[in-house]
Each structure stands twice: as C-alpha cells, then as structure tokens.
$ cat work.txt   # compact mmCIF, C-alpha atoms
# COMPACT_ATOMS: atom_id res chain seq x y z
CA LYS A 998 161.26 17.46 -30.73
CA VAL A 999 163.54 19.15 -28.20
CA ASP A 1000 165.41 22.11 -29.70
CA GLY A 1001 168.80 21.05 -31.04
CA VAL A 1002 168.09 17.34 -30.64
CA SER A 1003 167.86 15.07 -33.67
CA ASN A 1004 164.62 13.26 -34.57
CA GLU A 1005 166.81 10.26 -35.33
CA PRO A 1006 167.14 7.94 -32.31
CA VAL A 1007 170.53 6.90 -31.00
CA ASN A 1008 171.47 3.38 -32.09
CA PRO A 1009 170.62 1.00 -29.19
CA ASP A 1010 173.87 -0.94 -29.74
CA TRP A 1011 175.79 2.34 -29.42
CA MET A 1012 174.03 3.07 -26.11
CA ILE A 1013 174.92 -0.39 -24.77
CA ARG A 1014 178.55 0.09 -25.83
CA PHE A 1015 178.57 3.55 -24.24
CA PHE A 1016 177.24 2.47 -20.84
CA ASN A 1017 179.49 -0.59 -20.77
CA SER A 1018 182.43 1.73 -21.40
CA VAL A 1019 181.64 4.26 -18.66
CA GLU A 1020 180.71 1.92 -15.81
CA ASP A 1021 184.28 1.76 -14.49
CA ILE A 1022 185.16 5.44 -15.03
CA SER A 1023 185.64 7.12 -11.65
CA ASP A 1024 187.72 10.18 -12.58
CA GLU A 1025 185.52 13.27 -12.61
CA SER A 1026 187.19 14.99 -15.59
CA MET A 1027 186.89 11.80 -17.66
CA GLN A 1028 183.23 11.47 -16.65
CA LYS A 1029 182.63 14.98 -18.01
CA ILE A 1030 184.11 14.01 -21.38
CA TRP A 1031 181.91 10.91 -21.52
CA GLY A 1032 178.90 13.07 -20.61
CA ARG A 1033 179.63 15.42 -23.50
CA ILE A 1034 179.92 12.46 -25.86
CA LEU A 1035 176.51 11.15 -24.80
CA ALA A 1036 174.96 14.62 -25.16
CA GLY A 1037 176.59 15.06 -28.58
CA GLU A 1038 175.37 11.67 -29.80
CA ILE A 1039 171.79 12.39 -28.67
CA LYS A 1040 171.91 15.77 -30.42
CA LYS A 1041 173.40 14.29 -33.59
CA PRO A 1042 173.48 10.47 -33.85
CA ASN A 1043 176.55 8.88 -35.49
CA SER A 1044 178.81 11.69 -34.26
CA TYR A 1045 181.00 9.27 -32.28
CA SER A 1046 182.10 5.92 -33.67
CA TYR A 1047 182.53 2.66 -31.75
CA ARG A 1048 186.25 3.08 -32.34
CA THR A 1049 186.23 6.47 -30.62
CA LEU A 1050 184.42 5.00 -27.60
CA GLU A 1051 186.98 2.19 -27.44
CA ASN A 1052 189.93 4.56 -27.77
CA LEU A 1053 188.62 6.81 -25.02
CA ARG A 1054 187.82 3.87 -22.73
CA ASN A 1055 191.43 2.70 -22.94
CA MET A 1056 193.00 6.11 -22.28
CA THR A 1057 194.84 6.81 -19.04
CA GLN A 1058 194.35 10.07 -17.17
CA GLN A 1059 197.82 11.21 -18.29
CA GLU A 1060 197.05 10.46 -21.95
CA ALA A 1061 193.79 12.40 -21.61
CA GLU A 1062 195.71 15.37 -20.16
CA HIS A 1063 198.20 15.28 -23.04
CA PHE A 1064 195.35 15.08 -25.55
CA GLN A 1065 193.70 18.06 -23.83
CA LYS A 1066 196.94 20.05 -24.12
CA ILE A 1067 197.42 19.27 -27.82
CA SER A 1068 193.71 19.82 -28.48
CA SER A 1069 194.06 23.44 -27.35
CA LEU A 1070 196.45 23.91 -30.29
CA ALA A 1071 194.32 22.14 -32.92
CA LEU A 1072 194.04 23.92 -36.26
CA GLN A 1073 191.84 23.13 -39.23
CA SER A 1074 192.09 23.52 -42.99
CA GLY A 1075 189.39 21.89 -45.07
CA SER A 1076 188.48 18.66 -43.28
CA ARG A 1077 191.94 18.15 -41.74
CA LYS A 1078 192.62 18.89 -38.07
CA PHE A 1079 196.27 19.16 -37.08
CA ILE A 1080 199.11 20.94 -35.32
CA LEU A 1081 202.18 22.22 -37.14
CA SER A 1082 205.21 19.95 -37.21
CA ASP A 1083 207.40 22.81 -36.03
CA GLU A 1084 209.81 21.82 -33.25
CA GLY A 1085 210.33 25.40 -32.07
CA LEU A 1086 206.60 26.00 -31.76
CA MET A 1087 206.00 22.64 -30.11
CA ASN A 1088 208.67 23.36 -27.50
CA LYS A 1089 207.24 26.83 -26.86
CA TYR A 1090 203.86 25.32 -26.04
CA ASP A 1091 205.24 22.34 -24.06
CA VAL A 1092 204.12 19.74 -26.60
CA TYR A 1093 206.60 16.95 -27.19
CA PHE A 1094 206.91 14.32 -29.89
CA GLY A 1095 206.54 11.70 -27.15
CA TYR A 1096 203.01 12.97 -26.54
CA ILE A 1097 202.18 12.46 -30.22
CA LEU A 1098 203.61 8.92 -30.13
CA GLU A 1099 201.54 8.24 -27.02
CA LEU A 1100 198.38 9.55 -28.67
CA GLU A 1101 199.15 7.53 -31.79
CA GLU A 1102 198.99 4.42 -29.60
CA CYS A 1103 195.58 5.67 -28.41
CA GLY A 1104 194.43 5.94 -32.05
CA LEU A 1105 193.97 9.71 -31.83
CA MET A 1106 196.91 11.17 -33.79
CA SER A 1107 199.43 10.12 -36.39
CA SER A 1108 203.14 10.50 -35.64
CA GLN A 1109 203.88 10.49 -39.38
CA LYS A 1110 204.80 13.95 -40.60
CA LEU A 1111 202.34 14.80 -43.37
CA LEU A 1112 202.11 17.78 -45.69
CA LEU A 1113 199.24 20.23 -45.76
CA ASN A 1114 198.80 21.58 -49.29
CA LEU A 1115 197.74 25.21 -49.40
CA GLU A 1116 196.98 27.03 -52.65
CA ALA A 1117 195.93 30.55 -53.47
CA SER A 1118 195.88 33.21 -56.15
CA ALA A 1119 194.87 36.87 -56.28
CA GLU A 1120 191.27 35.69 -56.71
CA GLN A 1121 191.19 32.44 -54.73
CA THR A 1122 192.10 32.21 -51.05
CA ASP A 1123 192.88 29.33 -48.71
CA SER A 1124 192.56 29.28 -44.93
CA VAL A 1125 193.79 27.84 -41.63
CA TYR A 1126 191.64 28.41 -38.55
CA ASN A 1127 190.39 27.41 -35.11
CA SER A 1128 187.11 28.52 -33.53
CA GLN A 1129 188.46 31.99 -32.66
CA ILE A 1130 190.81 33.11 -35.44
CA ILE A 1131 191.10 32.45 -39.17
CA GLY A 1132 194.23 32.89 -41.24
CA ILE A 1133 193.52 33.91 -44.83
CA ILE A 1134 196.12 33.00 -47.46
CA LYS A 1135 195.99 35.04 -50.66
CA GLY A 1136 198.29 34.79 -53.66
CA LYS A 1137 200.00 37.79 -55.25
CA GLU A 1138 199.79 36.25 -58.73
CA GLU A 1139 196.75 35.71 -60.96
CA THR A 1140 197.64 32.04 -61.37
CA LEU A 1141 197.03 29.55 -58.57
CA GLN A 1142 200.23 28.78 -56.62
CA LYS A 1143 200.79 26.08 -54.02
CA PHE A 1144 203.00 25.43 -51.04
CA GLU A 1145 203.24 22.73 -48.38
CA VAL A 1146 203.31 22.89 -44.58
CA PRO A 1147 204.45 19.90 -42.47
CA ILE A 1148 201.83 18.83 -39.92
CA TYR A 1149 200.82 16.11 -37.45
CA VAL A 1150 197.16 15.20 -38.00
CA PHE A 1151 194.40 14.05 -35.71
CA THR A 1152 192.82 10.75 -36.79
CA GLY A 1153 189.09 10.37 -37.36
CA SER A 1154 188.66 9.34 -33.71
CA GLY A 1155 190.89 12.19 -32.58
CA SER A 1156 188.84 14.70 -34.59
CA GLN A 1157 185.61 13.33 -33.07
CA LEU A 1158 187.05 13.52 -29.57
CA LEU A 1159 188.10 17.15 -30.13
CA THR A 1160 184.41 18.06 -30.22
CA ALA A 1161 183.87 16.50 -26.76
CA ILE A 1162 187.03 17.80 -25.08
CA HIS A 1163 186.06 21.49 -25.42
CA PRO A 1164 189.69 22.63 -25.16
CA LYS A 1165 190.50 26.21 -24.23
CA GLU A 1166 191.99 27.18 -27.57
CA SER A 1167 195.17 29.18 -27.78
CA SER A 1168 194.83 32.37 -29.83
CA GLU A 1169 198.57 32.91 -29.38
CA TYR A 1170 199.37 29.53 -30.96
CA ILE A 1171 197.41 30.14 -34.17
CA ILE A 1172 199.03 33.59 -34.53
CA ASP A 1173 202.48 32.00 -34.05
CA SER A 1174 201.56 29.26 -36.53
CA LEU A 1175 200.44 31.76 -39.16
CA LYS A 1176 203.67 33.72 -38.71
CA SER A 1177 205.59 30.45 -39.16
CA ILE A 1178 203.58 29.61 -42.31
CA ALA A 1179 204.17 33.14 -43.67
CA LYS A 1180 207.98 32.88 -43.45
CA ASN A 1181 209.67 32.89 -46.86
CA ARG A 1182 206.33 32.96 -48.72
CA GLU A 1183 207.07 35.96 -50.93
CA ASN A 1184 204.29 35.06 -53.37
CA PHE A 1185 201.58 35.04 -50.71
CA VAL A 1186 199.93 37.49 -48.32
CA ILE A 1187 198.77 35.94 -45.03
CA THR A 1188 196.44 37.79 -42.67
CA ALA A 1189 194.66 36.81 -39.44
CA HIS A 1190 191.14 37.78 -38.39
CA ARG A 1191 188.91 37.26 -35.38
CA ILE A 1192 185.97 35.00 -36.16
CA ASN A 1193 182.49 36.43 -35.48
CA PHE A 1194 180.64 33.14 -35.97
CA ILE A 1195 180.76 29.84 -37.86
CA GLU A 1196 177.63 28.51 -39.61
CA ASN A 1197 177.03 24.88 -40.60
CA GLY A 1198 180.51 23.97 -39.42
CA ASN A 1199 182.33 25.57 -42.36
CA VAL A 1200 180.88 28.98 -43.30
CA ILE A 1201 183.06 31.46 -41.41
CA ASN A 1202 182.13 35.09 -40.81
CA TYR A 1203 185.13 37.11 -39.63
CA ASN A 1204 186.23 40.66 -38.81
CA THR A 1205 188.09 42.35 -41.66
CA LYS A 1206 190.82 43.83 -39.41
CA ASP A 1207 194.15 42.00 -39.78
CA ILE A 1208 195.56 41.09 -36.36
CA LEU A 1209 198.62 39.18 -37.57
CA THR A 1210 200.83 42.27 -37.58
CA SER A 1211 198.74 44.63 -35.45
CA GLY A 1212 198.35 42.18 -32.55
$ encode --input "work.txt" --output "structure tokens"
Amino acid sequence: KVDGVSNEPVNPDWMIRFFNSVEDISDESMQKIWGRILAGEIKKPNSYSYRTLENLRNMTQQEAEHFQKISSLALQSGSRKFILSDEGLMNKYDVYFGYILELEECGLMSSQKLLLNLEASAEQTDSVYNSQIIGIIKGKEETLQKFEVPIYVFTGSGSQLLTAIHPKESSEYIIDSLKSIAKNRENFVITAHRINFIENGNVINYNTKDILTSG
C-alpha cells in the first residue's frame, strides 16, 4: 500500500466517467482541478460523486472562477459549509448574489437564504471555522441559548468540489464574519483563534490567544 492511498480500489465505472469527462478539457486551470479530483478519489474512493463530476464538466471557465472566489470565503460549522448572507460583507469581498444564482445552476450552491443555528452555554461551546481560524462561541449563562445566522450553503457537490479547488482562504473574511456574528449578541462571548492542526477532519487544535479583538 502506498502511504495515504486507500486499499479500496476506485470504482471502474467512476474511472470511465472521469476520463470521459476530462477528454475535452483544454484549460490548464480546469485540468488541475480534475487532476486533484482523480488524486483525491484514488486516496479515498467515493470522495467525489457522479453528480459532482457532471457538475464540474458542465462548468464554464467564468463559473469556475466565481466558484474559486466564493470558495476562498467558505466557512464551516458542523457538517455545513457556507458563506454569510450579509450584503455588506459580500460587497466588501466582491461576491455578488448573481454569482450564487449562477453556481446554483451549476448545482454547487443554494440561493435560498438558510439559517445556521448556533447554541452555547457557559459549559458548552459552538464554533465556526475554516482551515486557518476557528471562532469559538461561548454562552454567558449556565443554560443553553441559541441564535440564528443567515447563510448561503454549498450543496453536497459544492462541498466535495471545495476539497479539490484548494482555495487561498481569507483570514480577513472569517474575522469580519465573526465580528458580524458577534453584533448584538449580549449573551454570548465570541473569540477567534489560529488553528494549529485539524485531525480526522473535525478535531481542531488551536492557539488559546484571542485574535478577534487583538488582530
């Protein structure tokens, strides 16, 4: 076994679908994305669905560029991947609702404004993070309290494609997002911390220093 490669073979039908999809791809940046998908599937079979291959095959270069831009802002809480539905923040980072509509047609995002439920107490925290920074939400009360944040979510295919895009994530965006989430939340304390490493996809080790207010 090669280190980091699964013992499980890639489904032959998946390989046929993959190579049929890439044969007409001439753009170099798109070829790189397809290459990462193949490498990811070999490393961990069933990482990329047929639907994701089909969605990517039908994307234009412009749609791929818009996905790349929004991907750099992607946040996560639990299993959901999203950006905040905050018009001021979206404008600041040159992301427009038209991009989200476009990516909805590609099957990668939903243009429906959904609500992210966050809940915390003095003992139980919640979190919002990307690969670099984690926001920790702690309640001031002993009892668990909840609040909602409007978001635009990535679909299953969109979330899979995020792992192949390798976007250059924006530390500034997650800090701005956490400041936005913290507004008018008198019952909660929200801090931000640099991530040291992430194990098994969801166990996050982070620096204790709060950078939300100290920069």
$ atom_distance --input "work.txt" --atom1 "atom CA of A:His1190" --atom2 "atom CA of A:Tyr1203"
6.2 Å
$ closest_residue --input "work.txt" --among "A:Leu1112, A:Leu1209, A:Val1146, A:Ile1134" --to "A:Val1186" --atoms "only C-alpha atoms"
A:Ile1134
$ closest_residue --input "work.txt" --among "A:Ser1074, A:Ser1108, A:Thr1205, A:Asn1199" --to "A:Asp1123" --atoms "all atoms listed in the file"
A:Ser1074
$ closest_residue --input "work.txt" --among "A:Ile1195, A:Met1027, A:Ile1131, A:Ala1161" --to "A:Leu1175" --atoms "only C-alpha atoms"
A:Ile1131
$ closest_residue --input "work.txt" --among "A:Leu1053, A:Ile1067, A:Ile1034, A:Ile1187" --to "A:Tyr1093" --atoms "all atoms listed in the file"
A:Ile1067
$ residues_around --input "work.txt" --residues "A:Ser1167" --least-positions-apart "3" --cutoff "9 Å" --atoms "all atoms listed in the file" --output "list of chain:residue names"
A:Ser1069, A:Leu1070, A:Ala1071, A:Asn1127, A:Gln1129, A:Pro1164, A:Tyr1170, A:Ile1171, A:Ile1172
$ write_last_selection --input "work.txt" --atoms "C-alpha atoms" --output "PDB file, keeping the file's coordinate frame"
ATOM      1  CA  SER A1069     194.060  23.440 -27.350  1.00  0.00           C
ATOM      2  CA  LEU A1070     196.450  23.910 -30.290  1.00  0.00           C
ATOM      3  CA  ALA A1071     194.320  22.140 -32.920  1.00  0.00           C
ATOM      4  CA  ASN A1127     190.390  27.410 -35.110  1.00  0.00           C
ATOM      5  CA  GLN A1129     188.460  31.990 -32.660  1.00  0.00           C
ATOM      6  CA  PRO A1164     189.690  22.630 -25.160  1.00  0.00           C
ATOM      7  CA  TYR A1170     199.370  29.530 -30.960  1.00  0.00           C
ATOM      8  CA  ILE A1171     197.410  30.140 -34.170  1.00  0.00           C
ATOM      9  CA  ILE A1172     199.030  33.590 -34.530  1.00  0.00           C
TER      10      ILE A1172
END
$ residues_around --input "work.txt" --residues "A:Glu1102" --least-positions-apart "5" --cutoff "10 Å" --atoms "only C-alpha atoms" --output "list in words"
Asn1052, Met1056, Glu1060, Tyr1096, Ile1097, Ser1107 and Ser1108 of chain A
$ write_last_selection --input "work.txt" --atoms "C-alpha atoms" --output "PDB file, in the frame of the given file"
ATOM      1  CA  ASN A1052     189.930   4.560 -27.770  1.00  0.00           C
ATOM      2  CA  MET A1056     193.000   6.110 -22.280  1.00  0.00           C
ATOM      3  CA  GLU A1060     197.050  10.460 -21.950  1.00  0.00           C
ATOM      4  CA  TYR A1096     203.010  12.970 -26.540  1.00  0.00           C
ATOM      5  CA  ILE A1097     202.180  12.460 -30.220  1.00  0.00           C
ATOM      6  CA  SER A1107     199.430  10.120 -36.390  1.00  0.00           C
ATOM      7  CA  SER A1108     203.140  10.500 -35.640  1.00  0.00           C
TER       8      SER A1108
END
$ closest_residue --input "work.txt" --among "A:Arg1014, A:Arg1182, A:His1163, A:Arg1191" --to "A:Lys1135" --atoms "only C-alpha atoms"
A:Arg1182
$ atom_distance --input "work.txt" --atom1 "atom CA of A:Ser1046" --atom2 "atom CA of A:Gln1157"
8.2 Å
$ axis_aligned_box --input "work.txt" --around "stretch 1199-1208 of chain A" --padding-each-side "8 Å" --output "lines of an AutoDock Vina configuration file"
center_x = 188.2
center_y = 34.7
center_z = -39.8
size_x = 30.7
size_y = 34.3
size_z = 22.9
$ closest_residue --input "work.txt" --among "A:Pro1147, A:Gly1136, A:Gly1037, A:Pro1006" --to "A:Thr1188" --atoms "all atoms listed in the file"
A:Gly1136
$ decode --input "work.txt" --residues "stretch 1072-1098 of chain A" --atoms "C-alpha atoms" --output "compact mmCIF listing (two decimals), in the first residue's frame"
# COMPACT_ATOMS: atom_id res chain seq x y z
CA LEU A 1072 -16.82 28.68 6.44
CA GLN A 1073 -17.86 25.54 8.26
CA SER A 1074 -19.95 24.72 11.31
CA GLY A 1075 -20.71 21.08 11.95
CA SER A 1076 -21.15 19.48 8.53
CA ARG A 1077 -22.42 22.66 6.83
CA LYS A 1078 -20.19 24.71 4.54
CA PHE A 1079 -21.40 28.22 3.76
CA ILE A 1080 -20.81 31.95 3.45
CA LEU A 1081 -22.73 34.52 5.47
CA SER A 1082 -25.78 36.07 3.85
CA ASP A 1083 -24.51 39.53 4.72
CA GLU A 1084 -24.78 42.01 1.85
CA GLY A 1085 -22.18 44.38 3.29
CA LEU A 1086 -19.64 41.59 3.69
CA MET A 1087 -20.41 40.15 0.27
CA ASN A 1088 -19.87 43.55 -1.36
CA LYS A 1089 -16.61 44.05 0.54
CA TYR A 1090 -15.26 40.80 -0.87
CA ASP A 1091 -16.65 41.30 -4.41
CA VAL A 1092 -19.13 38.43 -4.16
CA TYR A 1093 -22.50 39.11 -5.72
CA PHE A 1094 -25.84 37.37 -5.46
CA GLY A 1095 -25.65 36.79 -9.22
CA TYR A 1096 -22.63 34.56 -8.62
CA ILE A 1097 -24.65 32.47 -6.16
CA LEU A 1098 -27.52 32.16 -8.65
